[in-house]
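Student: What follows is upload-v4.pdb; its format and atoms are PDB, C-alpha atoms.
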```
ATOM      1  CA  MET A   1       0.134 -14.107   9.859
ATOM      2  CA  SER A   2      -2.004 -17.151  10.651
ATOM      3  CA  LYS A   3      -4.513 -14.883  12.397
ATOM      4  CA  HIS A   4      -5.155 -12.907   9.201
ATOM      5  CA  SER A   5      -7.313 -13.733   6.218
ATOM      6  CA  PHE A   6      -6.140 -13.126   2.660
ATOM      7  CA  PRO A   7      -7.935 -13.332  -0.700
ATOM      8  CA  ALA A   8      -5.129 -15.531  -2.044
ATOM      9  CA  THR A   9      -2.674 -18.181  -0.893
ATOM     10  CA  VAL A  10       0.384 -16.757   0.861
ATOM     11  CA  ILE A  11       3.497 -18.935   0.901
ATOM     12  CA  PHE A  12       6.546 -18.213   3.051
ATOM     13  CA  VAL A  13       9.762 -19.696   1.727
ATOM     14  CA  THR A  14      13.237 -19.727   3.221
ATOM     15  CA  VAL A  15      16.008 -20.532   0.773
ATOM     16  CA  SER A  16      19.718 -21.145   1.075
ATOM     17  CA  GLY A  17      22.633 -20.836  -1.292
ATOM     18  CA  GLU A  18      21.943 -17.193  -2.095
ATOM     19  CA  GLU A  19      25.573 -16.136  -1.664
ATOM     20  CA  GLN A  20      26.602 -18.938  -4.015
ATOM     21  CA  GLY A  21      24.559 -17.672  -6.961
ATOM     22  CA  LEU A  22      20.930 -17.516  -5.788
ATOM     23  CA  LEU A  23      20.709 -21.309  -5.756
ATOM     24  CA  GLY A  24      17.655 -21.526  -3.499
ATOM     25  CA  ALA A  25      15.769 -18.728  -5.253
ATOM     26  CA  ASP A  26      16.567 -20.245  -8.649
ATOM     27  CA  PHE A  27      15.252 -23.623  -7.484
ATOM     28  CA  MET A  28      11.989 -22.084  -6.236
ATOM     29  CA  ALA A  29      11.514 -20.024  -9.402
ATOM     30  CA  SER A  30      12.090 -23.109 -11.570
ATOM     31  CA  LYS A  31       9.651 -25.139  -9.474
ATOM     32  CA  ALA A  32       7.004 -22.400  -9.686
ATOM     33  CA  LYS A  33       7.412 -22.190 -13.449
ATOM     34  CA  THR A  34       7.284 -25.970 -13.909
ATOM     35  CA  LEU A  35       4.146 -26.256 -11.770
ATOM     36  CA  GLY A  36       2.503 -23.241 -13.415
ATOM     37  CA  TRP A  37       2.066 -21.184 -10.251
ATOM     38  CA  ASN A  38       0.214 -17.904 -10.776
ATOM     39  CA  ILE A  39       2.411 -15.549  -8.751
ATOM     40  CA  GLU A  40       1.124 -12.056  -8.077
ATOM     41  CA  ALA A  41       4.046 -10.799  -5.992
ATOM     42  CA  VAL A  42       7.282 -11.807  -4.296
ATOM     43  CA  LEU A  43       8.751 -10.084  -1.260
ATOM     44  CA  ASN A  44      12.481 -10.588  -0.777
ATOM     45  CA  ASN A  45      13.504 -10.146   2.856
ATOM     46  CA  ASP A  46      17.265 -10.023   3.102
ATOM     47  CA  ILE A  47      19.585 -10.064   6.109
ATOM     48  CA  MET A  48      16.849 -10.659   8.635
ATOM     49  CA  GLY A  49      17.630  -9.700  12.209
ATOM     50  CA  SER A  50      20.337  -7.172  11.446
ATOM     51  CA  ASN A  51      20.523  -3.934   9.544
ATOM     52  CA  ASN A  52      24.071  -2.936  10.359
ATOM     53  CA  SER A  53      25.163  -0.129   8.070
ATOM     54  CA  ASN A  54      28.913   0.295   7.707
ATOM     55  CA  GLU A  55      28.361   3.816   6.405
ATOM     56  CA  THR A  56      26.181   5.111   9.252
ATOM     57  CA  ASN A  57      27.036   2.655  12.041
ATOM     58  CA  ILE A  58      23.296   2.262  12.652
ATOM     59  CA  ILE A  59      22.301  -1.152  13.965
ATOM     60  CA  ASP A  60      18.579  -1.918  13.826
ATOM     61  CA  ASN A  61      17.453  -5.472  14.481
ATOM     62  CA  THR A  62      13.783  -4.530  14.939
ATOM     63  CA  ARG A  63      12.911  -4.241  11.242
ATOM     64  CA  VAL A  64      12.873  -6.376   8.142
ATOM     65  CA  ARG A  65      14.085  -4.782   4.934
ATOM     66  CA  VAL A  66      12.058  -5.391   1.777
ATOM     67  CA  PHE A  67      13.828  -4.828  -1.523
ATOM     68  CA  SER A  68      12.118  -3.910  -4.754
ATOM     69  CA  GLU A  69      13.509  -3.871  -8.239
ATOM     70  CA  GLY A  70      13.577  -0.439  -9.835
ATOM     71  CA  LEU A  71      14.016  -1.592 -13.399
ATOM     72  CA  PRO A  72      12.704  -5.008 -14.459
ATOM     73  CA  ALA A  73      15.442  -7.339 -15.720
ATOM     74  CA  TYR A  74      13.396  -8.219 -18.812
ATOM     75  CA  GLU A  75      13.311  -4.661 -20.179
ATOM     76  CA  THR A  76      15.080  -4.116 -23.482
ATOM     77  CA  GLU A  77      17.851  -1.522 -23.482
ATOM     78  CA  LYS A  78      15.703   0.902 -25.510
ATOM     79  CA  SER A  79      12.769   0.495 -23.152
ATOM     80  CA  ALA A  80      15.045   0.734 -20.096
ATOM     81  CA  LYS A  81      16.517   3.981 -21.415
ATOM     82  CA  ASN A  82      13.011   5.425 -21.774
ATOM     83  CA  ILE A  83      12.066   4.329 -18.264
ATOM     84  CA  ARG A  84      15.203   5.931 -16.801
ATOM     85  CA  GLN A  85      14.763   9.132 -18.805
ATOM     86  CA  PHE A  86      11.329   9.805 -17.353
ATOM     87  CA  GLY A  87      12.020   8.461 -13.851
ATOM     88  CA  LEU A  88       9.462   5.696 -14.254
ATOM     89  CA  GLU A  89      11.551   3.128 -12.370
ATOM     90  CA  ASN A  90       9.940   4.457  -9.195
ATOM     91  CA  ASP A  91       6.420   3.789 -10.484
ATOM     92  CA  GLY A  92       6.723   0.108 -11.350
ATOM     93  CA  LYS A  93       4.644  -2.661  -9.810
ATOM     94  CA  THR A  94       7.451  -3.781  -7.516
ATOM     95  CA  ARG A  95       7.973  -0.278  -6.150
ATOM     96  CA  GLN A  96       4.247   0.126  -5.557
ATOM     97  CA  LEU A  97       4.161  -3.197  -3.707
ATOM     98  CA  ALA A  98       7.123  -2.120  -1.544
ATOM     99  CA  ARG A  99       5.341   1.146  -0.708
ATOM    100  CA  TYR A 100       2.213  -0.758   0.265
ATOM    101  CA  VAL A 101       4.207  -3.100   2.500
ATOM    102  CA  LYS A 102       5.927  -0.156   4.142
ATOM    103  CA  GLU A 103       2.623   1.609   4.829
ATOM    104  CA  THR A 104       0.920  -1.464   6.253
TER     105      THR A 104
END
```
Spell out the structure here as structure tokens.
Tutor:
Amino acid sequence: MSKHSFPATVIFVTVSGEEQGLLGADFMASKAKTLGWNIEAVLNNDIMGSNNSNETNIIDNTRVRVFSEGLPAYETEKSAKNIRQFGLENDGKTRQLARYVKET
């Protein structure tokens, strides 16, 4: 990534304690909020180096999986119901970002 130029600052963060309640992610989010970071996007790469599916028995350690939230956690129940009814969870900002990452 150091050979590329971006129109914004890109920060790579590795956190620990995720299996114990997202401790590392919570720390980084709190720090970003306290310092007033203007965050445009976050990519969550999980289980790097292995994509072993128990259901398909496919092992692929050549890819990184990027997860995107379908329904924002801050949505009210009424709003969430509307989003689900019309299938809009696939058109959110996080899904669009994931599609862009996949294509590039």
Student: Could you tell me which residues the PyMOL selection byres ((chain A and resi 43) around 9) grabs in this file, written as a PyMOL selection string?
Tutor: chain A and resi 41-42+44-45+66-68+94+97-98
Student: Neighbours of Ser2 of chain A within 12 Å (all atoms listed in the file; same-chain residues fewer than 4 positions away dropped), as a ChimeraX atom specification?
Tutor: /A:6,9-12
Student: What does the structure give for the distance between atom CA of Glu19 of chain A and atom CA of Trp37 of chain A, in Å to one decimal?
Tutor: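 The value is 25.5 Å.
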Student: What is the atom CA of Lys93 of chain A to atom CA of Ala80 of chain A distance in Å?
Tutor: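 Separation of atom CA of Lys93 of chain A and atom CA of Ala80 of chain A: 15.0 Å.
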Student: Have a look at atom CA of Leu23 of chain A and atom CA of Thr76 of chain A and let me know their distance in Å, one decimal.
Tutor: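 These atoms are spaced 25.3 Å apart.
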